[in-house]
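> My structure is stored as query-v2.cif, with mmCIF, C-alpha atoms and all ligand atoms.
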```
data_input
#
loop_
_atom_site.label_atom_id
_atom_site.label_comp_id
_atom_site.auth_asym_id
_atom_site.auth_seq_id
_atom_site.Cartn_x
_atom_site.Cartn_y
_atom_site.Cartn_z
CA MET A 1047 -0.92 24.57 -7.25
CA LYS A 1048 -1.87 24.37 -10.91
CA THR A 1049 -5.49 25.30 -11.41
CA VAL A 1050 -8.15 23.66 -13.53
CA SER A 1051 -8.37 26.69 -15.78
CA GLU A 1052 -4.67 26.67 -16.56
CA PRO A 1053 -4.33 27.77 -20.19
CA SER A 1054 -3.61 24.79 -22.33
CA SER A 1055 -2.90 24.87 -25.96
CA ASN A 1056 -2.48 22.27 -28.59
CA SER A 1057 0.28 24.34 -30.12
CA LEU A 1058 3.78 23.57 -28.91
CA ALA A 1059 5.21 27.04 -29.47
CA HIS A 1060 4.62 28.35 -25.95
CA LEU A 1061 6.24 25.38 -24.22
CA PRO A 1062 9.83 25.12 -23.02
CA VAL A 1063 11.82 22.55 -24.99
CA VAL A 1064 13.94 19.85 -23.37
CA THR A 1065 16.45 18.52 -25.92
CA LEU A 1066 17.99 15.11 -25.34
CA LYS A 1067 21.57 14.06 -25.87
CA LYS A 1068 22.50 12.29 -29.07
CA ARG A 1069 21.57 8.59 -29.16
CA ARG A 1070 19.49 8.86 -25.99
CA ALA A 1071 16.06 9.30 -27.57
CA GLN A 1072 15.08 5.74 -28.56
CA PRO A 1073 13.46 4.61 -25.29
CA PHE A 1074 11.26 7.70 -25.36
CA PHE A 1075 10.16 7.22 -28.98
CA ASN A 1076 9.21 3.77 -27.62
CA GLN A 1077 7.10 5.51 -24.97
CA HIS A 1078 9.22 4.92 -21.91
CA PRO A 1079 7.91 7.67 -19.62
CA TRP A 1080 10.98 8.56 -17.51
CA VAL A 1081 13.56 10.97 -18.88
CA PHE A 1082 16.45 10.90 -16.41
CA ALA A 1083 18.60 13.98 -15.90
CA GLY A 1084 21.56 12.23 -17.56
CA ALA A 1085 19.74 12.00 -20.91
CA VAL A 1086 19.08 15.74 -21.14
CA SER A 1087 21.37 17.87 -23.31
CA HIS A 1088 19.82 21.31 -22.83
CA ILE A 1089 16.64 23.19 -22.00
CA ASN A 1090 15.76 26.34 -23.92
CA ARG A 1091 13.93 28.20 -21.15
CA GLU A 1092 13.72 27.68 -17.44
CA PRO A 1093 10.53 25.73 -16.81
CA GLU A 1094 9.05 25.90 -13.31
CA PRO A 1095 8.71 22.65 -11.33
CA GLY A 1096 5.66 20.79 -12.67
CA ASP A 1097 5.42 22.76 -15.94
CA GLU A 1098 4.51 21.14 -19.22
CA VAL A 1099 7.46 20.87 -21.62
CA VAL A 1100 8.15 19.43 -25.06
CA VAL A 1101 10.85 16.79 -25.31
CA ARG A 1102 12.79 16.63 -28.57
CA ALA A 1103 15.58 14.43 -29.88
CA ASN A 1104 18.96 15.98 -30.57
CA ASP A 1105 17.93 16.62 -34.19
CA ALA A 1106 14.84 18.54 -32.89
CA LYS A 1107 12.41 15.79 -33.80
CA PHE A 1108 9.29 15.84 -31.55
CA ILE A 1109 9.12 12.96 -29.06
CA ALA A 1110 6.46 13.76 -26.49
CA ARG A 1111 4.90 16.22 -24.11
CA GLY A 1112 5.85 15.81 -20.49
CA LEU A 1113 5.98 17.44 -17.05
CA PHE A 1114 9.19 18.86 -15.69
CA ASN A 1115 10.80 18.48 -12.28
CA PRO A 1116 14.22 20.07 -11.74
CA ASN A 1117 14.34 18.50 -8.24
CA SER A 1118 14.04 14.89 -9.32
CA ASN A 1119 16.41 12.52 -11.02
CA ILE A 1120 13.44 11.79 -13.30
CA ARG A 1121 13.72 15.22 -14.91
CA VAL A 1122 10.71 14.84 -17.20
CA ARG A 1123 7.82 12.38 -17.03
CA LEU A 1124 6.23 11.85 -20.42
CA TYR A 1125 2.48 11.61 -20.86
CA SER A 1126 1.42 12.58 -24.38
CA TRP A 1127 3.14 11.30 -27.51
CA ASP A 1128 0.70 13.25 -29.66
CA LYS A 1129 1.79 16.78 -30.56
CA LYS A 1130 -1.79 17.97 -30.53
CA THR A 1131 -2.81 16.56 -27.16
CA PRO A 1132 -1.91 18.85 -24.29
CA ILE A 1133 -1.65 17.60 -20.73
CA ASP A 1134 -4.71 19.41 -19.43
CA ALA A 1135 -7.89 18.62 -17.50
CA ALA A 1136 -9.47 16.86 -20.48
CA PHE A 1137 -6.35 14.70 -20.81
CA TRP A 1138 -6.42 13.60 -17.15
CA SER A 1139 -10.13 12.98 -17.29
CA ALA A 1140 -9.75 10.73 -20.35
CA ARG A 1141 -6.87 8.76 -18.80
CA ILE A 1142 -8.73 8.29 -15.51
CA ASN A 1143 -11.81 7.13 -17.39
CA GLU A 1144 -9.84 4.64 -19.39
CA ALA A 1145 -8.16 3.24 -16.28
CA ILE A 1146 -11.43 2.85 -14.40
CA SER A 1147 -13.20 1.29 -17.39
CA LEU A 1148 -10.51 -1.41 -17.44
CA ARG A 1149 -11.25 -2.34 -13.81
CA GLU A 1150 -14.98 -2.28 -14.45
CA ALA A 1151 -14.36 -4.83 -17.17
CA CYS A 1152 -11.87 -7.09 -15.35
CA ILE A 1153 -12.79 -7.10 -11.66
CA ASP A 1154 -15.53 -9.30 -10.29
CA THR A 1155 -16.82 -6.79 -7.75
CA GLU A 1156 -19.18 -9.33 -6.18
CA GLN A 1157 -16.10 -11.24 -5.02
CA ASN A 1158 -13.68 -8.33 -4.62
CA SER A 1159 -14.36 -4.93 -3.11
CA ALA A 1160 -10.74 -3.77 -2.96
CA TYR A 1161 -8.57 -3.41 -6.02
CA ARG A 1162 -6.23 -1.03 -7.83
CA LEU A 1163 -8.07 1.56 -9.92
CA ILE A 1164 -5.08 3.43 -11.33
CA PHE A 1165 -1.53 2.13 -11.56
CA SER A 1166 0.77 4.97 -12.49
CA GLU A 1167 2.83 4.34 -15.67
CA ALA A 1168 0.78 1.27 -16.60
CA ASP A 1169 -2.26 3.52 -16.96
CA GLY A 1170 -0.36 6.36 -18.60
CA ILE A 1171 -0.51 8.48 -15.44
CA SER A 1172 3.04 8.30 -14.14
CA GLY A 1173 3.01 9.40 -10.50
CA LEU A 1174 -0.57 8.50 -9.55
CA THR A 1175 -1.73 5.28 -7.93
CA VAL A 1176 -5.27 4.83 -6.65
CA ASP A 1177 -6.66 1.85 -4.75
CA ARG A 1178 -10.32 1.30 -4.01
CA TYR A 1179 -11.32 -0.11 -0.61
CA ASN A 1180 -15.11 -0.47 -0.61
CA ASP A 1181 -16.38 3.12 -0.79
CA TRP A 1182 -13.02 4.78 -0.18
CA LEU A 1183 -10.16 5.68 -2.46
CA MET A 1184 -6.57 5.62 -1.24
CA VAL A 1185 -4.33 7.80 -3.37
CA GLN A 1186 -0.55 7.64 -3.56
CA ILE A 1187 1.31 10.40 -5.33
CA THR A 1188 4.86 9.81 -6.47
CA SER A 1189 5.63 12.84 -8.61
CA LEU A 1190 5.77 16.55 -8.04
CA ALA A 1191 3.82 17.44 -11.19
CA ILE A 1192 0.97 15.15 -10.15
CA SER A 1193 0.98 16.61 -6.64
CA GLU A 1194 0.63 20.09 -8.16
CA ARG A 1195 -2.44 18.89 -10.03
CA ALA A 1196 -3.76 16.88 -7.09
CA GLU A 1197 -6.88 19.00 -6.46
CA LEU A 1198 -8.02 18.59 -10.05
CA LEU A 1199 -7.32 14.85 -9.95
CA PHE A 1200 -9.24 14.45 -6.67
CA ASP A 1201 -12.20 16.27 -8.25
CA LEU A 1202 -12.10 14.02 -11.29
CA LEU A 1203 -11.94 10.93 -9.08
CA MET A 1204 -14.87 12.13 -6.96
CA GLU A 1205 -16.90 12.74 -10.09
CA ARG A 1206 -16.05 9.43 -11.78
CA CYS A 1207 -16.13 7.08 -8.76
CA GLN A 1208 -18.35 8.87 -6.23
CA PRO A 1209 -16.48 7.45 -3.23
CA ARG A 1210 -17.39 8.35 0.36
CA GLY A 1211 -13.93 9.77 0.79
CA ILE A 1212 -10.42 10.05 -0.59
CA TRP A 1213 -7.37 9.55 1.61
CA LEU A 1214 -3.84 10.51 0.58
CA ARG A 1215 -0.76 8.52 1.59
CA THR A 1216 2.81 9.14 0.55
CA GLU A 1217 5.37 6.37 0.43
CA LYS A 1218 8.58 6.75 2.43
CA GLY A 1219 11.37 8.46 0.52
CA ILE A 1220 9.19 9.90 -2.25
CA ARG A 1221 8.96 13.36 -0.68
CA GLU A 1222 12.73 13.67 -0.76
CA ALA A 1223 13.17 12.08 -4.20
CA GLU A 1224 10.63 14.40 -5.84
CA GLY A 1225 10.66 17.46 -3.58
CA LEU A 1226 7.01 16.93 -2.64
CA GLU A 1227 5.21 18.89 0.03
CA CYS A 1228 1.83 17.16 0.11
CA ARG A 1229 0.37 16.26 3.48
CA ASP A 1230 -1.12 12.81 4.09
CA GLY A 1231 -4.68 12.47 5.30
CA LEU A 1232 -8.25 13.06 4.26
CA VAL A 1233 -8.55 15.14 1.08
CA ARG A 1234 -12.23 14.64 0.13
CA GLY A 1235 -15.39 13.41 1.84
CA GLU A 1236 -15.40 11.32 5.00
CA GLU A 1237 -12.56 9.57 6.78
CA PRO A 1238 -12.37 5.82 6.27
CA PRO A 1239 -13.10 3.87 9.47
CA PRO A 1240 -9.96 2.47 11.15
CA SER A 1241 -11.19 -1.02 10.44
CA LEU A 1242 -12.82 -1.66 7.11
CA THR A 1243 -13.99 -5.13 6.07
CA ILE A 1244 -13.30 -5.72 2.40
CA ARG A 1245 -14.11 -8.78 0.28
CA GLU A 1246 -11.32 -10.61 -1.47
CA ASN A 1247 -12.03 -13.76 -3.47
CA GLY A 1248 -15.36 -13.66 -1.66
CA LEU A 1249 -13.74 -13.74 1.80
CA PRO A 1250 -13.90 -10.98 4.42
CA PHE A 1251 -10.62 -9.28 5.38
CA LEU A 1252 -10.10 -6.36 7.72
CA VAL A 1253 -7.91 -3.51 6.59
CA ASN A 1254 -6.86 -0.21 8.04
CA PRO A 1255 -6.32 1.81 4.88
CA ALA A 1256 -4.99 4.88 6.63
CA GLU A 1257 -2.37 3.09 8.71
CA GLY A 1258 -1.84 -0.47 7.45
CA GLN A 1259 1.16 -1.40 5.32
CA LYS A 1260 1.10 -0.21 1.69
CA THR A 1261 -2.41 1.26 1.29
CA GLY A 1262 -3.86 -1.18 3.81
CA CYS A 1263 -3.23 -4.54 2.24
CA PHE A 1264 -1.30 -6.18 -0.53
CA LEU A 1265 -3.87 -6.12 -3.30
CA ASP A 1266 -1.31 -7.35 -5.81
CA GLN A 1267 -1.37 -10.91 -4.40
CA ARG A 1268 -5.15 -11.41 -4.63
CA GLU A 1269 -5.11 -13.84 -7.57
CA ASN A 1270 -2.00 -15.61 -6.32
CA ARG A 1271 -3.68 -16.33 -2.98
CA ARG A 1272 -6.59 -17.93 -4.80
CA ALA A 1273 -4.29 -19.89 -7.12
CA VAL A 1274 -2.26 -21.27 -4.20
CA ALA A 1275 -5.44 -22.31 -2.39
CA SER A 1276 -6.25 -24.69 -5.23
CA TYR A 1277 -3.20 -26.86 -4.35
CA VAL A 1278 -3.39 -27.16 -0.58
CA ALA A 1279 -6.28 -29.42 0.44
CA ARG A 1280 -5.31 -31.23 3.68
CA HIS A 1281 -1.86 -29.58 3.65
CA ARG A 1282 0.07 -28.37 6.64
CA VAL A 1283 0.95 -24.85 5.45
CA LEU A 1284 3.59 -22.36 6.54
CA ASP A 1285 2.70 -18.77 5.60
CA ALA A 1286 5.98 -16.91 6.14
CA PHE A 1287 5.89 -13.09 6.07
CA SER A 1288 2.15 -13.47 6.51
CA TYR A 1289 1.20 -9.84 7.26
CA ALA A 1290 -2.62 -10.00 7.66
CA GLY A 1291 -2.75 -13.69 6.78
CA GLY A 1292 -3.92 -13.26 3.17
CA PHE A 1293 -2.27 -16.42 1.80
CA GLY A 1294 -2.77 -18.59 4.88
CA ILE A 1295 -6.41 -17.74 5.53
CA THR A 1296 -7.34 -18.16 1.85
CA ALA A 1297 -5.54 -21.53 1.94
CA ALA A 1298 -7.53 -22.59 5.00
CA LYS A 1299 -10.88 -21.29 3.87
CA LEU A 1300 -10.92 -21.76 0.07
CA GLY A 1301 -8.27 -24.46 -0.11
CA ALA A 1302 -9.27 -26.60 2.90
CA ALA A 1303 -5.69 -26.67 4.25
CA ALA A 1304 -5.45 -28.80 7.41
CA SER A 1305 -3.44 -26.21 9.34
CA VAL A 1306 -1.61 -22.96 8.78
CA VAL A 1307 1.22 -21.32 10.71
CA CYS A 1308 1.44 -17.56 10.04
CA VAL A 1309 4.85 -16.06 10.85
CA ASP A 1310 5.56 -12.34 10.90
CA SER A 1311 7.83 -10.08 12.93
CA SER A 1312 5.13 -7.45 13.40
CA GLU A 1313 2.66 -7.86 16.26
CA SER A 1314 0.15 -5.49 14.64
CA ALA A 1315 0.26 -7.56 11.45
CA LEU A 1316 -0.44 -10.71 13.47
CA ASP A 1317 -3.29 -8.99 15.34
CA LEU A 1318 -4.86 -8.26 11.99
CA ALA A 1319 -4.24 -11.85 10.88
CA ARG A 1320 -5.95 -13.14 14.05
CA ALA A 1321 -8.95 -10.90 13.41
CA ASN A 1322 -9.09 -12.11 9.81
CA ALA A 1323 -8.94 -15.76 10.88
CA GLU A 1324 -11.87 -15.05 13.18
CA ALA A 1325 -13.84 -13.25 10.46
CA ASN A 1326 -13.37 -16.31 8.26
CA GLY A 1327 -14.15 -18.86 10.95
CA VAL A 1328 -10.80 -20.66 10.67
CA THR A 1329 -9.16 -19.86 14.01
CA ASP A 1330 -9.13 -23.57 14.93
CA ARG A 1331 -6.73 -24.30 12.05
CA LEU A 1332 -4.49 -21.24 12.36
CA GLU A 1333 -1.49 -20.57 14.54
CA PHE A 1334 0.35 -17.26 14.77
CA VAL A 1335 4.04 -16.91 15.53
CA ARG A 1336 5.81 -13.64 16.07
CA SER A 1337 9.35 -14.21 14.90
CA ASP A 1338 11.99 -13.29 12.42
CA VAL A 1339 11.24 -15.64 9.52
CA PHE A 1340 14.88 -16.62 8.99
CA GLN A 1341 15.21 -17.65 12.64
CA TYR A 1342 11.91 -19.52 12.54
CA LEU A 1343 12.92 -21.45 9.42
CA GLU A 1344 16.28 -22.36 10.96
CA GLN A 1345 14.54 -23.60 14.09
CA CYS A 1346 12.20 -25.76 12.02
CA ARG A 1347 15.18 -27.14 10.13
CA ASP A 1348 17.02 -27.91 13.37
CA TYR A 1349 13.94 -29.63 14.87
CA GLY A 1350 13.17 -31.48 11.63
CA THR A 1351 9.74 -29.82 11.28
CA GLN A 1352 8.35 -30.07 7.74
CA PHE A 1353 5.35 -28.68 5.86
CA ASP A 1354 3.37 -29.74 2.81
CA THR A 1355 3.39 -26.14 1.60
CA VAL A 1356 5.80 -23.33 2.40
CA ILE A 1357 4.85 -19.80 1.28
CA LEU A 1358 7.57 -17.13 1.24
CA ASP A 1359 6.46 -13.55 0.56
CA PRO A 1360 9.25 -11.33 1.92
CA PRO A 1361 9.34 -7.53 1.64
CA LYS A 1362 11.28 -5.90 -1.18
CA MET A 1363 14.96 -6.85 -1.00
CA ALA A 1364 16.40 -4.49 -3.65
CA ARG A 1365 15.46 -0.84 -4.06
CA GLN A 1366 18.17 0.07 -6.54
CA GLN A 1367 20.25 -1.55 -9.21
CA LYS A 1368 23.27 -1.70 -6.94
CA GLY A 1369 21.28 -3.71 -4.39
CA ILE A 1370 20.65 -6.60 -6.79
CA PRO A 1371 23.58 -8.91 -5.85
CA ASN A 1372 22.69 -8.65 -2.17
CA ALA A 1373 19.03 -9.27 -2.90
CA LEU A 1374 19.86 -12.37 -4.95
CA ARG A 1375 21.92 -13.71 -2.07
CA GLY A 1376 19.04 -12.95 0.29
CA TYR A 1377 16.51 -14.77 -1.91
CA HIS A 1378 18.88 -17.69 -2.28
CA GLY A 1379 19.37 -18.09 1.47
CA LEU A 1380 15.68 -17.73 2.21
CA ASN A 1381 14.60 -20.20 -0.44
CA VAL A 1382 17.22 -22.76 0.53
CA LEU A 1383 15.77 -22.71 4.03
CA GLY A 1384 12.19 -22.70 2.74
CA ALA A 1385 12.70 -25.53 0.25
CA SER A 1386 14.44 -27.69 2.83
CA LEU A 1387 11.28 -27.61 4.99
CA VAL A 1388 9.02 -28.85 2.19
CA LYS A 1389 8.06 -32.54 2.40
CA PRO A 1390 9.03 -34.47 -0.74
CA GLY A 1391 6.38 -33.76 -3.36
CA GLY A 1392 5.15 -30.69 -1.49
CA LEU A 1393 4.84 -27.09 -2.59
CA LEU A 1394 7.09 -24.07 -2.34
CA VAL A 1395 5.35 -20.79 -3.16
CA THR A 1396 8.02 -18.17 -3.48
CA CYS A 1397 7.53 -14.49 -4.19
CA SER A 1398 9.70 -11.50 -4.98
CA CYS A 1399 8.34 -7.96 -5.13
CA SER A 1400 11.70 -6.39 -5.97
CA GLY A 1401 11.22 -4.73 -9.36
CA GLN A 1402 14.98 -4.73 -9.87
CA VAL A 1403 15.11 -8.52 -9.74
CA THR A 1404 13.87 -9.90 -13.06
CA ARG A 1405 11.85 -13.05 -13.58
CA GLU A 1406 14.90 -14.65 -15.12
CA ASP A 1407 17.09 -13.68 -12.13
CA PHE A 1408 14.52 -15.16 -9.79
CA ARG A 1409 14.25 -18.38 -11.80
CA ASN A 1410 18.04 -18.65 -11.70
CA VAL A 1411 17.92 -18.28 -7.92
CA LEU A 1412 15.59 -21.28 -7.82
CA ALA A 1413 17.97 -23.26 -10.02
CA GLU A 1414 20.74 -22.62 -7.52
CA VAL A 1415 18.44 -23.45 -4.63
CA SER A 1416 17.73 -26.76 -6.29
CA THR A 1417 21.47 -27.46 -6.58
CA THR A 1418 22.25 -26.37 -3.02
CA THR A 1419 19.43 -28.38 -1.46
CA GLU A 1420 19.77 -31.33 -3.84
CA ARG A 1421 16.00 -31.18 -4.31
CA ARG A 1422 14.46 -31.24 -7.78
CA ILE A 1423 12.27 -28.16 -8.24
CA GLN A 1424 9.51 -27.85 -10.85
CA ILE A 1425 7.88 -24.49 -11.50
CA LEU A 1426 4.18 -25.25 -11.93
CA GLU A 1427 3.07 -21.65 -12.35
CA ALA A 1428 5.18 -18.54 -12.89
CA ARG A 1429 2.70 -15.94 -11.75
CA GLY A 1430 2.78 -12.18 -11.40
CA LEU A 1431 0.47 -9.21 -11.15
CA PRO A 1432 -3.30 -9.37 -11.61
CA ALA A 1433 -5.19 -7.46 -14.31
CA ASP A 1434 -5.92 -4.47 -12.08
CA HIS A 1435 -2.13 -4.00 -11.86
CA PRO A 1436 -1.46 -4.01 -15.60
CA VAL A 1437 2.08 -3.83 -16.96
CA SER A 1438 3.14 -1.43 -19.67
CA PRO A 1439 5.55 -3.12 -22.07
CA ASN A 1440 7.13 0.32 -22.45
CA CYS A 1441 7.87 0.56 -18.73
CA PRO A 1442 8.79 -2.96 -17.59
CA GLU A 1443 10.03 -1.54 -14.28
CA ASN A 1444 6.44 -1.86 -13.04
CA ASP A 1445 6.37 -5.61 -13.60
CA TYR A 1446 7.72 -6.11 -10.09
CA LEU A 1447 5.87 -9.13 -8.69
CA LYS A 1448 7.00 -12.70 -9.19
CA CYS A 1449 5.12 -15.57 -7.54
CA PHE A 1450 6.32 -19.03 -8.50
CA VAL A 1451 4.35 -22.05 -7.43
CA CYS A 1452 6.83 -24.92 -7.32
CA ARG A 1453 6.79 -28.60 -6.54
CA VAL A 1454 9.79 -29.69 -4.53
CA ASN A 1455 10.62 -33.34 -5.03
N1 LIG B 1501 2.17 -12.16 2.50
C1 LIG B 1501 1.53 -10.92 2.85
C2 LIG B 1501 2.36 -9.70 2.55
C3 LIG B 1501 3.75 -9.72 3.13
S1 LIG B 1501 4.45 -8.17 3.32
C4 LIG B 1501 0.18 -10.84 2.17
O1 LIG B 1501 -0.19 -11.73 1.40
O2 LIG B 1501 -0.52 -9.86 2.40
C5 LIG B 1501 5.87 -8.53 4.21
C6 LIG B 1501 5.65 -8.84 5.68
O3 LIG B 1501 6.88 -9.31 6.18
C7 LIG B 1501 5.27 -7.67 6.56
O4 LIG B 1501 4.11 -7.99 7.28
C8 LIG B 1501 6.45 -7.50 7.53
O5 LIG B 1501 6.02 -7.19 8.85
C9 LIG B 1501 7.07 -8.86 7.52
N2 LIG B 1501 8.51 -8.96 7.75
C10 LIG B 1501 9.50 -8.21 7.23
N3 LIG B 1501 10.71 -8.69 7.56
C11 LIG B 1501 10.48 -9.79 8.33
C12 LIG B 1501 11.32 -10.76 8.96
N4 LIG B 1501 12.63 -10.69 8.85
N5 LIG B 1501 10.73 -11.75 9.64
C13 LIG B 1501 9.39 -11.83 9.75
N6 LIG B 1501 8.55 -10.96 9.15
C14 LIG B 1501 9.08 -9.96 8.45
#
```
If you took the structure in this file and wrote it as structure tokens, what would it be?

Amino acid sequence: MKTVSEPSSNSLAHLPVVTLKKRRAQPFFNQHPWVFAGAVSHINREPEPGDEVVVRANDAKFIARGLFNPNSNIRVRLYSWDKKTPIDAAFWSARINEAISLREACIDTEQNSAYRLIFSEADGISGLTVDRYNDWLMVQITSLAISERAELLFDLLMERCQPRGIWLRTEKGIREAEGLECRDGLVRGEEPPPSLTIRENGLPFLVNPAEGQKTGCFLDQRENRRAVASYVARHRVLDAFSYAGGFGITAAKLGAAASVVCVDSSESALDLARANAEANGVTDRLEFVRSDVFQYLEQCRDYGTQFDTVILDPPKMARQQKGIPNALRGYHGLNVLGASLVKPGGLLVTCSCSGQVTREDFRNVLAEVSTTTERRIQILEARGLPADHPVSPNCPENDYLKCFVCRVN
């Protein structure tokens, strides 16, 4: 573990130097934070995992200060493009402050008690994501260097946010990718209760932050749920891949939808959706179906069942570049089925959370869907992430969410 009193210096002389290959430096001058192993030419000393290093171009020009990980394909994560600003406690404190000030400015906390406080690269803290659920913070660590500084970061978060507790969760696969050893669970204060009622768009939703999917719920769709609700008065709505019913219940409650069918393959997700329907007093208009969405959509097609609004919010379909063609085929098939169930003049709300699939790719999928189904599709809103999930133009990889609200004629 790195300690708070770790000597930091604004001189570069004591730091190991990572020199990049020729013609590989431009993205990093442009503040892209991930230096992959393939871009590195040589390293002048042997830095320990998590150590601060200086990254230089092949002609020795200073690029940035970063943190080293010999075990990860992301060999160095860059944090400070200023020679004189070391990556020390004062640095983390300033970045955390900045991130939290943004949320204080952009989140209506009367309406929303759960939101993202820190979003990794987008907040200049590659490897750290923090979500607030009422009085608890859920922390996800995705880099070794951040996990080595975790105690300091937890202290800073306690001081700045004064939560009742901080809970750590690590996403699948990250431990292996980064060589992490951190253990999930309570790291500060009290445990969050297994069922926490948060407010979203003014509506109550139950979440289990320690065990639910992601850090308890999909905070990234908050604004999209509200936007979709504004179209669905008196609609018969299909909420496919519903998880806890976020889209469907918001449609029923804020949007006055006539009825909503929530479909998910996970019984525990549907249990949560049922509890949320109850908490919002809309059980009379909601139906819950445990099924594979593809099978359900095919059944509807075969029976001629149609909806005024079909919402498709599937899990990530591509994790890596090489998975893109398969993902595009998957989105095509799903959206062909989805669009064919929309009544003429109705709505298709289609989402993709695969960061590898660009907005343009996804729009092209819809163009093909339109051709295949012989239905004219109009994109009314091309939506994405809300302000508490900002996007860094230097690291567009984080701009993962697409949510297109379409009219299907
Ligand atoms: N729309 C949700 C988030 C969806 S997350 C919201 O607004 O919060 C994706 C959901 O899809 C998960 O709940 C998962 O259980 C479900 N899922 C994944 N594959 C599925 C499949 N083939 N059929 C049905 N549900 C599936």
> Around ligand LIG 1501 (chain B), at most 7 Å away and counting all atoms listed in the file, which residues are there? Put them as a list in words, please.
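For ligand LIG 1501 (chain B), the residues inside 7 Å are Cys1263, Phe1264, Gln1267, Phe1287, Ser1288, Tyr1289, Ala1290, Gly1291, Gly1292, Phe1293, Val1309, Asp1310, Ser1311, Ser1312, Ala1315, Ser1337, Asp1338, Val1339, Phe1340, Asp1359, Pro1360 and Pro1361 of chain A.
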> For the selection you just gave me, I'd like the residues written to a file as a PDB file, keeping the file's coordinate frame, keeping C-alpha atoms.

```pdb
ATOM      1  CA  CYS A1263      -3.230  -4.540   2.240  1.00  0.00           C
ATOM      2  CA  PHE A1264      -1.300  -6.180  -0.530  1.00  0.00           C
ATOM      3  CA  GLN A1267      -1.370 -10.910  -4.400  1.00  0.00           C
ATOM      4  CA  PHE A1287       5.890 -13.090   6.070  1.00  0.00           C
ATOM      5  CA  SER A1288       2.150 -13.470   6.510  1.00  0.00           C
ATOM      6  CA  TYR A1289       1.200  -9.840   7.260  1.00  0.00           C
ATOM      7  CA  ALA A1290      -2.620 -10.000   7.660  1.00  0.00           C
ATOM      8  CA  GLY A1291      -2.750 -13.690   6.780  1.00  0.00           C
ATOM      9  CA  GLY A1292      -3.920 -13.260   3.170  1.00  0.00           C
ATOM     10  CA  PHE A1293      -2.270 -16.420   1.800  1.00  0.00           C
ATOM     11  CA  VAL A1309       4.850 -16.060  10.850  1.00  0.00           C
ATOM     12  CA  ASP A1310       5.560 -12.340  10.900  1.00  0.00           C
ATOM     13  CA  SER A1311       7.830 -10.080  12.930  1.00  0.00           C
ATOM     14  CA  SER A1312       5.130  -7.450  13.400  1.00  0.00           C
ATOM     15  CA  ALA A1315       0.260  -7.560  11.450  1.00  0.00           C
ATOM     16  CA  SER A1337       9.350 -14.210  14.900  1.00  0.00           C
ATOM     17  CA  ASP A1338      11.990 -13.290  12.420  1.00  0.00           C
ATOM     18  CA  VAL A1339      11.240 -15.640   9.520  1.00  0.00           C
ATOM     19  CA  PHE A1340      14.880 -16.620   8.990  1.00  0.00           C
ATOM     20  CA  ASP A1359       6.460 -13.550   0.560  1.00  0.00           C
ATOM     21  CA  PRO A1360       9.250 -11.330   1.920  1.00  0.00           C
ATOM     22  CA  PRO A1361       9.340  -7.530   1.640  1.00  0.00           C
TER      23      PRO A1361
END
```
> Could the residues of segment 1378-1429 of chain A that have an atom at most 9 Å from segment 1364-1373 of chain A be listed as JSON lines, each with its closest atom pair and the distance in Å to one decimal, counting all atoms listed in the file and ordered by chain and ascending residue number?

```
{"residue": "A:His1378", "atom": "CA", "partner": "A:Ala1373", "partner_atom": "CA", "distance": 8.4}
{"residue": "A:Cys1399", "atom": "CA", "partner": "A:Ala1364", "partner_atom": "CA", "distance": 8.9}
{"residue": "A:Ser1400", "atom": "CA", "partner": "A:Ala1364", "partner_atom": "CA", "distance": 5.6}
{"residue": "A:Gly1401", "atom": "CA", "partner": "A:Ala1364", "partner_atom": "CA", "distance": 7.7}
{"residue": "A:Gln1402", "atom": "CA", "partner": "A:Gln1367", "partner_atom": "CA", "distance": 6.2}
{"residue": "A:Val1403", "atom": "CA", "partner": "A:Ile1370", "partner_atom": "CA", "distance": 6.6}
```
> Residues around (-1.4, -9.6, -12.8), cut-off 10 Å, counting all atoms listed in the file - what are they as a ChimeraX atom specification?
/A:1266-1270,1429-1437,1445,1447-1448
> If you count all atoms listed in the file, which residues fall within 9 Å of Val1122 of chain A, apart from same-chain ones fewer than 4 positions away, as an NGL selection string?
:A and (1064 or 1079-1083 or 1099 or 1101 or 1112-1116 or 1118)
> Just to confirm, what's the straight-line distance from atom CA of Ser1159 of chain A to atom CA of Ala1297 of chain A in Å (one decimal)?
19.5 Å
> In Å, rounded to a single decimal, give me how far atom CA of Leu1426 of chain A is from atom CA of Val1278 of chain A.
13.8 Å
> Between A:Leu1190, A:Ile1357, A:Leu1199, A:Ala1428, which one has atoms that come closest to Asp1134 of chain A, using only C-alpha atoms?
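Going through A:Leu1190, A:Ile1357, A:Leu1199, A:Ala1428 one by one, the smallest distance to Asp1134 of chain A is for A:Leu1199.
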> Skip Gln1424 of chain A itself and residues of its chain fewer than 4 positions away, then list as a PyMOL selection string all residues within 10 Å of it, counting all atoms listed in the file.
chain A and resi 1393-1394+1412-1413+1416+1450-1455
> As an exercise, work out the distance from atom CA of Gln1352 of chain A to atom CA of Asn1326 of chain A in Å and give it to one decimal place.
25.7 Å
> Which residues are near Ala1106 of chain A? Cut-off 10 Å, only C-alpha atoms, ignore same chain within fewer than 6 positions. Put them as a list in words.
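Contacts, in chain order: Val1063, Val1064, Thr1065 and Leu1066 of chain A.
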> Which residue gives the smallest distance to Leu1284 of chain A among A:Val1307, A:Val1086, A:Leu1226, A:Ala1321, with all atoms listed in the file counted?
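Ranking A:Val1307, A:Val1086, A:Leu1226, A:Ala1321 by distance to Leu1284 of chain A, first place goes to A:Val1307.
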